[in-house]
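> Dropping in model32.cif, with mmCIF, C-alpha atoms and all ligand atoms.
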```
data_my_file
#
loop_
_atom_site.label_atom_id
_atom_site.label_comp_id
_atom_site.auth_asym_id
_atom_site.auth_seq_id
_atom_site.Cartn_x
_atom_site.Cartn_y
_atom_site.Cartn_z
CA MET A 1 0.00 0.00 0.00
CA PRO A 2 1.37 3.48 -0.90
CA ASP A 3 2.16 5.91 1.96
CA ARG A 4 -0.70 8.17 1.06
CA ILE A 5 -4.08 7.35 -0.41
CA LEU A 6 -6.00 10.32 -1.76
CA VAL A 7 -9.79 10.46 -1.81
CA THR A 8 -9.74 10.34 -5.60
CA ARG A 9 -7.31 9.93 -8.46
CA SER A 10 -7.96 11.37 -11.90
CA SER A 11 -8.45 8.91 -14.73
CA MET A 12 -5.87 9.37 -17.48
CA PRO A 13 -5.32 7.51 -20.75
CA ASP A 14 -1.97 6.10 -21.75
CA ILE A 15 0.27 9.01 -22.72
CA ASP A 16 0.70 7.58 -26.24
CA GLU A 17 -3.03 7.41 -26.71
CA TYR A 18 -3.32 11.10 -25.79
CA ILE A 19 -0.43 12.10 -28.05
CA GLU A 20 -2.08 10.37 -31.00
CA GLU A 21 -5.31 12.18 -30.18
CA ILE A 22 -3.70 15.65 -30.10
CA ARG A 23 -1.34 15.14 -33.07
CA PRO A 24 -3.85 16.57 -35.60
CA ILE A 25 -4.07 19.75 -33.50
CA TRP A 26 -0.40 20.44 -34.38
CA GLU A 27 -1.21 20.03 -38.03
CA SER A 28 -4.28 22.26 -38.02
CA HIS A 29 -3.30 24.88 -35.40
CA TRP A 30 -6.99 24.87 -34.40
CA LEU A 31 -6.74 25.12 -30.59
CA THR A 32 -10.19 26.19 -29.50
CA ASN A 33 -13.49 27.71 -30.73
CA MET A 34 -15.45 24.55 -31.47
CA GLY A 35 -12.83 22.68 -33.49
CA PRO A 36 -13.00 19.08 -34.75
CA LYS A 37 -12.17 17.45 -31.37
CA HIS A 38 -14.89 19.50 -29.70
CA GLU A 39 -17.41 18.48 -32.34
CA GLN A 40 -16.46 14.81 -32.18
CA LEU A 41 -16.67 14.70 -28.38
CA LYS A 42 -20.03 16.43 -28.51
CA LYS A 43 -21.35 13.78 -30.88
CA GLU A 44 -19.95 10.87 -28.87
CA LEU A 45 -21.24 12.23 -25.57
CA LYS A 46 -24.70 12.84 -26.91
CA GLU A 47 -24.85 9.16 -27.74
CA TYR A 48 -23.18 7.90 -24.57
CA LEU A 49 -25.37 10.02 -22.29
CA LYS A 50 -28.53 9.19 -24.30
CA VAL A 51 -29.72 12.79 -24.42
CA PRO A 52 -31.63 14.79 -27.05
CA ASN A 53 -29.40 17.91 -27.05
CA ILE A 54 -25.99 18.72 -25.64
CA GLU A 55 -23.61 21.66 -25.47
CA LEU A 56 -20.02 21.37 -24.23
CA LEU A 57 -18.61 23.95 -21.85
CA VAL A 58 -15.43 24.93 -20.09
CA ASN A 59 -16.57 23.44 -16.76
CA GLY A 60 -19.61 22.29 -14.82
CA HIS A 61 -20.04 25.56 -12.98
CA MET A 62 -20.31 27.59 -16.17
CA ALA A 63 -22.75 24.98 -17.50
CA LEU A 64 -25.07 25.98 -14.64
CA GLU A 65 -24.60 29.73 -15.15
CA MET A 66 -24.92 29.59 -18.94
CA THR A 67 -28.06 27.45 -18.71
CA ILE A 68 -29.66 29.92 -16.32
CA GLN A 69 -28.83 32.75 -18.73
CA ALA A 70 -30.04 30.91 -21.81
CA MET A 71 -33.36 30.16 -20.10
CA GLY A 72 -33.75 33.83 -19.12
CA LEU A 73 -34.59 32.98 -15.50
CA LYS A 74 -35.49 35.69 -12.99
CA GLY A 75 -36.65 35.53 -9.36
CA ASP A 76 -36.47 32.70 -6.84
CA VAL A 77 -34.95 29.27 -7.40
CA ILE A 78 -35.72 26.32 -5.12
CA THR A 79 -32.54 24.37 -4.41
CA THR A 80 -30.75 22.46 -1.64
CA PRO A 81 -27.75 23.46 0.51
CA PHE A 82 -26.33 19.93 0.65
CA THR A 83 -24.22 20.30 -2.49
CA PHE A 84 -20.93 21.60 -3.77
CA VAL A 85 -20.97 25.39 -3.38
CA SER A 86 -21.07 25.82 -7.17
CA THR A 87 -24.84 25.14 -7.30
CA THR A 88 -25.66 27.97 -4.90
CA HIS A 89 -23.04 30.34 -6.34
CA ALA A 90 -24.41 29.84 -9.88
CA ILE A 91 -27.86 30.96 -8.72
CA VAL A 92 -26.62 33.97 -6.75
CA ARG A 93 -24.05 35.07 -9.35
CA SER A 94 -26.85 35.06 -11.95
CA GLY A 95 -28.83 37.58 -9.89
CA LEU A 96 -31.35 35.01 -8.71
CA HIS A 97 -32.36 34.23 -5.15
CA PRO A 98 -31.93 30.69 -3.78
CA VAL A 99 -34.71 29.34 -1.56
CA PHE A 100 -33.37 26.34 0.33
CA CYS A 101 -35.43 23.20 0.59
CA ASP A 102 -34.13 20.48 2.90
CA VAL A 103 -32.82 17.11 1.72
CA ASN A 104 -34.18 13.72 2.74
CA PRO A 105 -32.09 11.69 5.19
CA ASP A 106 -32.11 8.55 3.01
CA ASP A 107 -30.23 9.63 -0.09
CA TYR A 108 -29.54 13.36 0.60
CA THR A 109 -31.40 14.57 -2.49
CA ILE A 110 -34.14 17.22 -2.36
CA ASP A 111 -37.02 16.30 -0.03
CA THR A 112 -39.90 16.62 -2.45
CA ASP A 113 -42.45 16.64 0.41
CA LYS A 114 -41.04 20.04 1.37
CA LEU A 115 -41.14 21.67 -2.09
CA GLU A 116 -44.54 23.26 -1.52
CA LYS A 117 -43.26 25.11 1.53
CA ALA A 118 -40.37 26.61 -0.47
CA LEU A 119 -42.63 28.02 -3.19
CA THR A 120 -42.98 31.82 -3.46
CA VAL A 121 -44.80 34.10 -5.92
CA ASP A 122 -41.42 34.70 -7.60
CA THR A 123 -40.31 31.06 -7.99
CA CYS A 124 -39.17 30.48 -11.58
CA ALA A 125 -37.21 27.23 -11.33
CA ILE A 126 -36.01 24.28 -9.25
CA MET A 127 -32.35 23.31 -9.18
CA PRO A 128 -32.09 19.90 -7.49
CA VAL A 129 -28.83 17.97 -7.17
CA HIS A 130 -28.26 14.25 -7.85
CA VAL A 131 -26.03 13.91 -4.77
CA TYR A 132 -23.22 11.25 -4.95
CA GLY A 133 -24.94 9.84 -8.02
CA ASN A 134 -28.20 9.30 -6.11
CA ILE A 135 -30.91 10.36 -8.51
CA CYS A 136 -33.57 12.73 -7.17
CA ASN A 137 -37.21 11.77 -7.01
CA ILE A 138 -37.66 12.78 -10.64
CA GLU A 139 -41.38 11.98 -10.81
CA ALA A 140 -42.20 14.22 -7.81
CA VAL A 141 -39.98 17.05 -9.08
CA ASP A 142 -41.63 16.85 -12.51
CA ASP A 143 -45.13 16.84 -11.03
CA PHE A 144 -44.41 19.85 -8.87
CA ALA A 145 -42.70 21.79 -11.67
CA GLY A 146 -45.52 21.00 -14.08
CA LYS A 147 -48.18 22.09 -11.61
CA HIS A 148 -46.50 25.46 -10.98
CA GLY A 149 -44.97 26.14 -14.42
CA LEU A 150 -41.35 25.97 -13.20
CA LYS A 151 -38.18 25.11 -15.11
CA VAL A 152 -36.11 22.21 -13.78
CA ILE A 153 -32.31 22.32 -14.04
CA TYR A 154 -30.58 19.34 -12.46
CA ASP A 155 -27.08 19.67 -11.11
CA ALA A 156 -25.97 16.33 -12.53
CA ALA A 157 -22.25 16.84 -11.81
CA HIS A 158 -22.08 13.50 -9.94
CA THR A 159 -24.08 11.38 -12.37
CA PHE A 160 -22.01 11.01 -15.52
CA GLY A 161 -23.24 8.00 -17.49
CA GLU A 162 -26.01 7.09 -15.09
CA THR A 163 -29.37 5.84 -16.20
CA TYR A 164 -32.77 5.93 -14.57
CA LYS A 165 -35.27 3.30 -15.72
CA GLY A 166 -33.04 2.77 -18.76
CA LYS A 167 -32.99 6.43 -19.82
CA GLY A 168 -29.98 8.74 -19.67
CA VAL A 169 -30.19 10.76 -16.45
CA GLY A 170 -29.51 13.91 -18.50
CA SER A 171 -32.76 13.47 -20.39
CA PHE A 172 -34.92 14.43 -17.39
CA GLY A 173 -36.05 17.93 -16.47
CA ASP A 174 -35.51 20.90 -18.79
CA ALA A 175 -31.74 20.66 -18.46
CA SER A 176 -29.01 18.74 -16.64
CA CYS A 177 -25.52 20.10 -16.06
CA PHE A 178 -22.57 17.70 -15.86
CA SER A 179 -19.02 18.36 -14.69
CA PHE A 180 -15.96 16.84 -16.36
CA HIS A 181 -13.57 18.12 -13.73
CA ALA A 182 -10.41 16.11 -13.08
CA THR A 183 -11.92 14.66 -9.90
CA LYS A 184 -15.11 13.41 -11.52
CA VAL A 185 -15.95 9.96 -12.92
CA PHE A 186 -15.31 11.23 -16.45
CA ASN A 187 -12.89 14.09 -17.00
CA THR A 188 -11.72 16.41 -19.75
CA ILE A 189 -9.21 17.94 -17.26
CA GLU A 190 -11.67 20.82 -16.80
CA GLY A 191 -14.96 20.69 -18.62
CA GLY A 192 -18.67 20.22 -18.48
CA CYS A 193 -21.82 20.07 -20.53
CA VAL A 194 -25.47 20.87 -20.44
CA CYS A 195 -28.03 18.41 -21.78
CA PHE A 196 -31.41 19.90 -22.51
CA LYS A 197 -34.86 19.11 -23.78
CA ASP A 198 -35.96 22.15 -25.76
CA ASP A 199 -33.76 22.69 -28.80
CA SER A 200 -35.05 26.25 -29.18
CA ILE A 201 -32.36 27.30 -26.67
CA THR A 202 -29.57 25.60 -28.67
CA GLU A 203 -28.52 28.75 -30.52
CA LEU A 204 -28.72 30.91 -27.42
CA LEU A 205 -26.61 28.46 -25.41
CA TYR A 206 -24.07 28.35 -28.21
CA ALA A 207 -23.97 32.17 -28.21
CA VAL A 208 -23.79 32.76 -24.44
CA LYS A 209 -20.69 30.60 -24.12
CA ASP A 210 -18.98 32.62 -26.87
CA PHE A 211 -19.47 36.29 -25.86
CA GLY A 212 -22.99 36.34 -27.26
CA PHE A 213 -21.83 35.96 -30.87
CA ASP A 214 -24.69 34.67 -32.96
CA ASP A 215 -23.11 36.21 -36.05
CA PRO A 216 -19.40 36.43 -36.91
CA GLU A 217 -19.04 40.05 -35.80
CA ASP A 218 -22.11 41.18 -33.93
CA ALA A 219 -23.22 39.96 -30.47
CA GLY A 220 -26.92 39.34 -30.02
CA CYS A 221 -26.76 38.82 -26.26
CA ILE A 222 -24.44 39.63 -23.35
CA GLY A 223 -22.56 36.35 -23.23
CA GLY A 224 -19.45 35.21 -21.43
CA ASN A 225 -16.64 32.90 -22.46
CA ALA A 226 -17.12 29.27 -21.51
CA LYS A 227 -15.89 27.28 -24.50
CA MET A 228 -14.17 23.90 -24.21
CA ASN A 229 -10.76 23.86 -25.93
CA GLU A 230 -9.40 21.16 -28.24
CA PHE A 231 -6.93 19.68 -25.73
CA CYS A 232 -9.67 19.14 -23.18
CA ALA A 233 -11.94 17.64 -25.82
CA ALA A 234 -9.10 15.30 -26.87
CA MET A 235 -8.66 14.18 -23.25
CA GLY A 236 -12.40 13.49 -23.16
CA LEU A 237 -12.26 11.40 -26.35
CA CYS A 238 -9.52 9.24 -24.79
CA ASN A 239 -11.17 8.90 -21.38
CA LEU A 240 -14.51 8.05 -22.95
CA ARG A 241 -12.94 4.92 -24.50
CA HIS A 242 -12.21 3.59 -21.01
CA ILE A 243 -15.22 4.84 -19.09
CA ASP A 244 -17.16 1.57 -18.89
CA ASP A 245 -14.12 -0.23 -17.55
CA ASP A 246 -13.49 2.62 -15.07
CA ILE A 247 -17.06 2.41 -13.76
CA ALA A 248 -16.86 -1.39 -13.44
CA ARG A 249 -13.68 -1.04 -11.37
CA ARG A 250 -15.28 1.62 -9.20
CA LYS A 251 -18.14 -0.78 -8.60
CA ALA A 252 -15.74 -3.44 -7.33
CA VAL A 253 -14.27 -0.93 -4.85
CA TYR A 254 -17.74 0.19 -3.77
CA GLU A 255 -18.86 -3.38 -3.16
CA ARG A 256 -15.70 -4.21 -1.24
CA TYR A 257 -16.43 -1.32 1.17
CA ASN A 258 -20.01 -2.59 1.51
CA GLU A 259 -18.77 -6.07 2.47
CA HIS A 260 -16.78 -4.61 5.36
CA LEU A 261 -19.02 -1.81 6.53
CA ASP A 262 -22.53 -3.18 6.08
CA GLY A 263 -24.01 -3.72 9.52
CA VAL A 264 -21.35 -1.77 11.43
CA LYS A 265 -23.18 0.00 14.23
CA GLY A 266 -23.26 3.78 13.78
CA ILE A 267 -22.34 3.82 10.08
CA LYS A 268 -25.02 4.49 7.50
CA LEU A 269 -24.12 3.36 3.99
CA ASN A 270 -25.34 4.73 0.70
CA HIS A 271 -27.74 2.59 -1.32
CA VAL A 272 -28.26 2.44 -5.06
CA ARG A 273 -31.99 2.77 -5.62
CA ALA A 274 -33.91 0.30 -7.83
CA GLY A 275 -34.02 1.53 -11.43
CA VAL A 276 -30.72 3.42 -11.17
CA GLY A 277 -27.70 2.45 -13.27
CA SER A 278 -25.05 3.85 -10.93
CA ASN A 279 -21.58 5.20 -11.76
CA TYR A 280 -20.25 4.55 -8.22
CA SER A 281 -18.78 8.04 -8.10
CA TYR A 282 -18.45 8.42 -4.34
CA TYR A 283 -18.44 6.29 -1.22
CA PRO A 284 -20.18 8.39 1.44
CA ILE A 285 -20.80 7.17 4.97
CA VAL A 286 -22.81 8.97 7.63
CA ILE A 287 -21.40 8.47 11.11
CA ASP A 288 -23.62 8.59 14.17
CA PRO A 289 -21.16 9.67 16.90
CA VAL A 290 -23.09 8.07 19.76
CA GLU A 291 -23.58 4.69 18.10
CA PHE A 292 -20.15 4.52 16.46
CA GLY A 293 -18.33 5.79 19.54
CA ILE A 294 -16.39 8.58 17.82
CA ASP A 295 -17.54 11.38 15.56
CA ARG A 296 -16.90 12.11 11.90
CA ASP A 297 -14.08 14.55 12.56
CA GLU A 298 -12.30 12.02 14.73
CA VAL A 299 -12.54 9.36 11.99
CA PHE A 300 -11.25 11.93 9.48
CA ARG A 301 -8.29 12.69 11.80
CA ILE A 302 -7.43 9.06 12.60
CA LEU A 303 -7.42 8.09 8.92
CA SER A 304 -5.44 11.13 7.81
CA GLU A 305 -2.74 10.35 10.40
CA LYS A 306 -2.42 6.98 8.71
CA GLY A 307 -2.14 8.56 5.26
CA ILE A 308 -5.75 7.95 4.21
CA MET A 309 -7.22 11.17 2.86
CA THR A 310 -10.99 11.24 3.19
CA ARG A 311 -13.17 14.25 2.47
CA ARG A 312 -15.85 16.07 4.47
CA TYR A 313 -18.04 16.41 1.43
CA PHE A 314 -20.26 18.37 1.63
CA TYR A 315 -19.28 20.43 4.63
CA PRO A 316 -20.27 23.06 5.52
CA ALA A 317 -23.72 23.10 3.90
CA THR A 318 -23.70 25.98 1.40
CA ASN A 319 -26.20 28.04 3.43
CA ALA A 320 -23.69 27.93 6.30
CA MET A 321 -20.71 29.14 4.27
CA ARG A 322 -19.02 32.38 5.35
CA CYS A 323 -19.89 34.25 2.14
CA TYR A 324 -23.61 33.74 2.88
CA LYS A 325 -23.41 34.66 6.55
CA GLY A 326 -26.57 36.41 7.70
CA MET A 327 -28.43 35.71 4.45
CA PHE A 328 -29.78 32.27 5.31
CA ASP A 329 -30.43 30.28 8.45
CA PRO A 330 -28.79 26.83 8.17
CA GLU A 331 -31.27 25.55 10.75
CA ASP A 332 -34.08 26.04 8.21
CA THR A 333 -32.65 22.87 6.63
CA PRO A 334 -31.87 20.70 9.68
CA VAL A 335 -31.30 17.46 7.78
CA ALA A 336 -28.72 19.05 5.46
CA SER A 337 -27.10 20.68 8.46
CA ARG A 338 -26.83 17.40 10.39
CA ILE A 339 -25.66 15.28 7.44
CA SER A 340 -22.98 17.85 6.56
CA LYS A 341 -21.55 17.35 10.07
CA GLN A 342 -21.68 13.54 9.96
CA VAL A 343 -20.77 12.62 6.40
CA LEU A 344 -17.39 11.44 5.19
CA THR A 345 -16.50 10.26 1.69
CA LEU A 346 -13.92 7.49 1.53
CA PRO A 347 -11.31 7.01 -1.22
CA ILE A 348 -12.74 5.54 -4.42
CA TYR A 349 -11.25 5.45 -7.91
CA PRO A 350 -10.82 2.77 -10.59
CA ASP A 351 -7.30 1.66 -9.67
CA LEU A 352 -7.71 1.69 -5.90
CA GLU A 353 -6.50 -1.72 -4.72
CA LEU A 354 -9.12 -3.85 -3.01
CA GLU A 355 -6.51 -4.75 -0.34
CA THR A 356 -6.22 -1.04 0.42
CA VAL A 357 -9.98 -0.90 0.91
CA ASP A 358 -9.63 -3.80 3.39
CA LYS A 359 -7.01 -1.88 5.34
CA ILE A 360 -8.99 1.37 5.39
CA CYS A 361 -12.02 -0.48 6.77
CA GLU A 362 -9.89 -2.21 9.38
CA MET A 363 -8.51 1.16 10.56
CA MET A 364 -12.02 2.56 10.83
CA VAL A 365 -13.67 -0.30 12.58
CA CYS A 366 -10.84 -0.90 15.10
CA HIS A 367 -10.56 2.74 16.22
C1 LIG B 1 -17.97 19.45 -9.43
C2 LIG B 1 -19.30 20.04 -9.15
C3 LIG B 1 -19.73 21.24 -9.73
C4 LIG B 1 -18.82 22.14 -10.51
O1 LIG B 1 -18.23 21.57 -11.61
P1 LIG B 1 -16.84 22.13 -12.17
O2 LIG B 1 -16.64 21.36 -13.42
O3 LIG B 1 -15.79 21.87 -11.14
O4 LIG B 1 -17.02 23.58 -12.42
C5 LIG B 1 -21.03 21.66 -9.52
N1 LIG B 1 -21.87 20.96 -8.74
C6 LIG B 1 -21.49 19.81 -8.13
C7 LIG B 1 -22.50 19.08 -7.30
C8 LIG B 1 -20.20 19.33 -8.30
O5 LIG B 1 -19.83 18.22 -7.67
#
```
For the structure just supplied, provide its representation as structure tokens.

Amino acid sequence: MPDRILVTRSSMPDIDEYIEEIRPIWESHWLTNMGPKHEQLKKELKEYLKVPNIELLVNGHMALEMTIQAMGLKGDVITTPFTFVSTTHAIVRSGLHPVFCDVNPDDYTIDTDKLEKALTVDTCAIMPVHVYGNICNIEAVDDFAGKHGLKVIYDAAHTFGETYKGKGVGSFGDASCFSFHATKVFNTIEGGCVCFKDDSITELLYAVKDFGFDDPEDAGCIGGNAKMNEFCAAMGLCNLRHIDDDIARRKAVYERYNEHLDGVKGIKLNHVRAGVGSNYSYYPIVIDPVEFGIDRDEVFRILSEKGIMTRRYFYPATNAMRCYKGMFDPEDTPVASRISKQVLTLPIYPDLELETVDKICEMMVCH
């Protein structure tokens, strides 16, 4: 076992495979601005993700912001605070107001029984998060959105390649934003995409990521710059060839943890719901300090002293972050607040040795 085990390890192709992929870029000198690698990756991802429409972007965060802009949203957005801070920042940075709905204690996704309470006269959209690859209660979100005429944008950063009842997870709601960051199941170094239902926003999305240019010289809207470059697209083309194998190896790691930790008093495991084709992106555990004997922070400390880097993810809840001090009350979402203080994600990546998983579990259980 190496001296230090990180919580994740970026998937990379063989260097020769990448060199072959980028060689044509030297011949063409076409580095960015929707070149051939970008177009090829877009085509391959549309198929792999089983989605009707897709646009590639520079990262997952800008996918959220650009989608909000392309949809012309204004007012209040119902979302959850148990997420990576990007979800909340994207709403606030777009001039919208987040209204926090709590998560359910089973899979940490939006508690759809509490949506009604979060509704205001200004609500324009819901932005739920498929946390750790756990897919939200899509039927309930759809029903609620339909009843109140709201847009649904899923933060699907954790769900690359997942399916729900055989359909690509990115085909639900009005749009789903994926992240291809280095730490995610599929990476383009930095990158992301938005998958969306209504192809009438295709041109607008294409324009907003390129300064608003909908014509070679004249900008039709006030866009930003969020294009994916050719080197990132080439990385994506290589990684996509190995993704099924990567996910299968993650699954083996995930199941090995389950074998050790299932039934351990005070540790709540994550469960893959029926109908979900999981990508095994994270291995979260929720630690009950009374039942387990020590709290989450103590487990984090003990493991890190032994060179095992776990992550308090997500902590703090976004409505408890310093930049939002005084704007929200974290106790309005007590489940998110509690889970953020008890959750720990354990190392998981395709080439993590199963023997290392055995040792990590041993260290945890024999504290
Ligand atoms: C990673 C992540 C993002 C941001 O994606 P980037 O590609 O890093 O910009 C947004 N939301 C969630 C839930 C994430 O995990």
> What's the separation between atom CA of A:Tyr282 and atom CA of A:Leu237, in Å to one decimal place?
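We find that atom CA of A:Tyr282 and atom CA of A:Leu237 lie 23.1 Å from each other.
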> Excluding A:Gly35 and its own-chain neighbours fewer than 5 positions away, which residues fall within 10 Å of it when counting all atoms listed in the file? Please give them as a VMD selection string.
chain A and resid 25 28 to 30 40 228 to 230 233
> Keeping only C-alpha atoms, take the residues you just selected and write them out as a CSV table (one decimal), in the frame of the given file.

```csv
chain,number,residue,atom,x,y,z
A,25,ILE,CA,-4.1,19.8,-33.5
A,28,SER,CA,-4.3,22.3,-38.0
A,29,HIS,CA,-3.3,24.9,-35.4
A,30,TRP,CA,-7.0,24.9,-34.4
A,40,GLN,CA,-16.5,14.8,-32.2
A,228,MET,CA,-14.2,23.9,-24.2
A,229,ASN,CA,-10.8,23.9,-25.9
A,230,GLU,CA,-9.4,21.2,-28.2
A,233,ALA,CA,-11.9,17.6,-25.8
```
> Nearest residue to A:Val131 out of A:Trp26, A:Phe196, A:Tyr280, A:Phe211, using all atoms listed in the file?
A:Tyr280
> How big is the axis-aligned box, and where does its centre sit, when it encloses all atoms of stretch 243-250 of chain A listed in the file and has 4 Å added on every side, reported in Å to one decimal as JSON?

```
{"center_x": -15.3, "center_y": 1.7, "center_z": -14.1, "size_x": 11.7, "size_y": 14.2, "size_z": 17.9}
```
> Do you know which residues are at most 7 Å from stretch 104-107 of chain A counting all atoms listed in the file, after dropping those on the same chain fewer than 2 positions away, and could you put them as a VMD selection string?
chain A and resid 102 109 to 111 134 270 335
> Given only C-alpha atoms as the basis, pick out the residue of A:Leu344, A:Leu49, A:His181, A:Thr83 nearest to A:Glu298.
A:Leu344
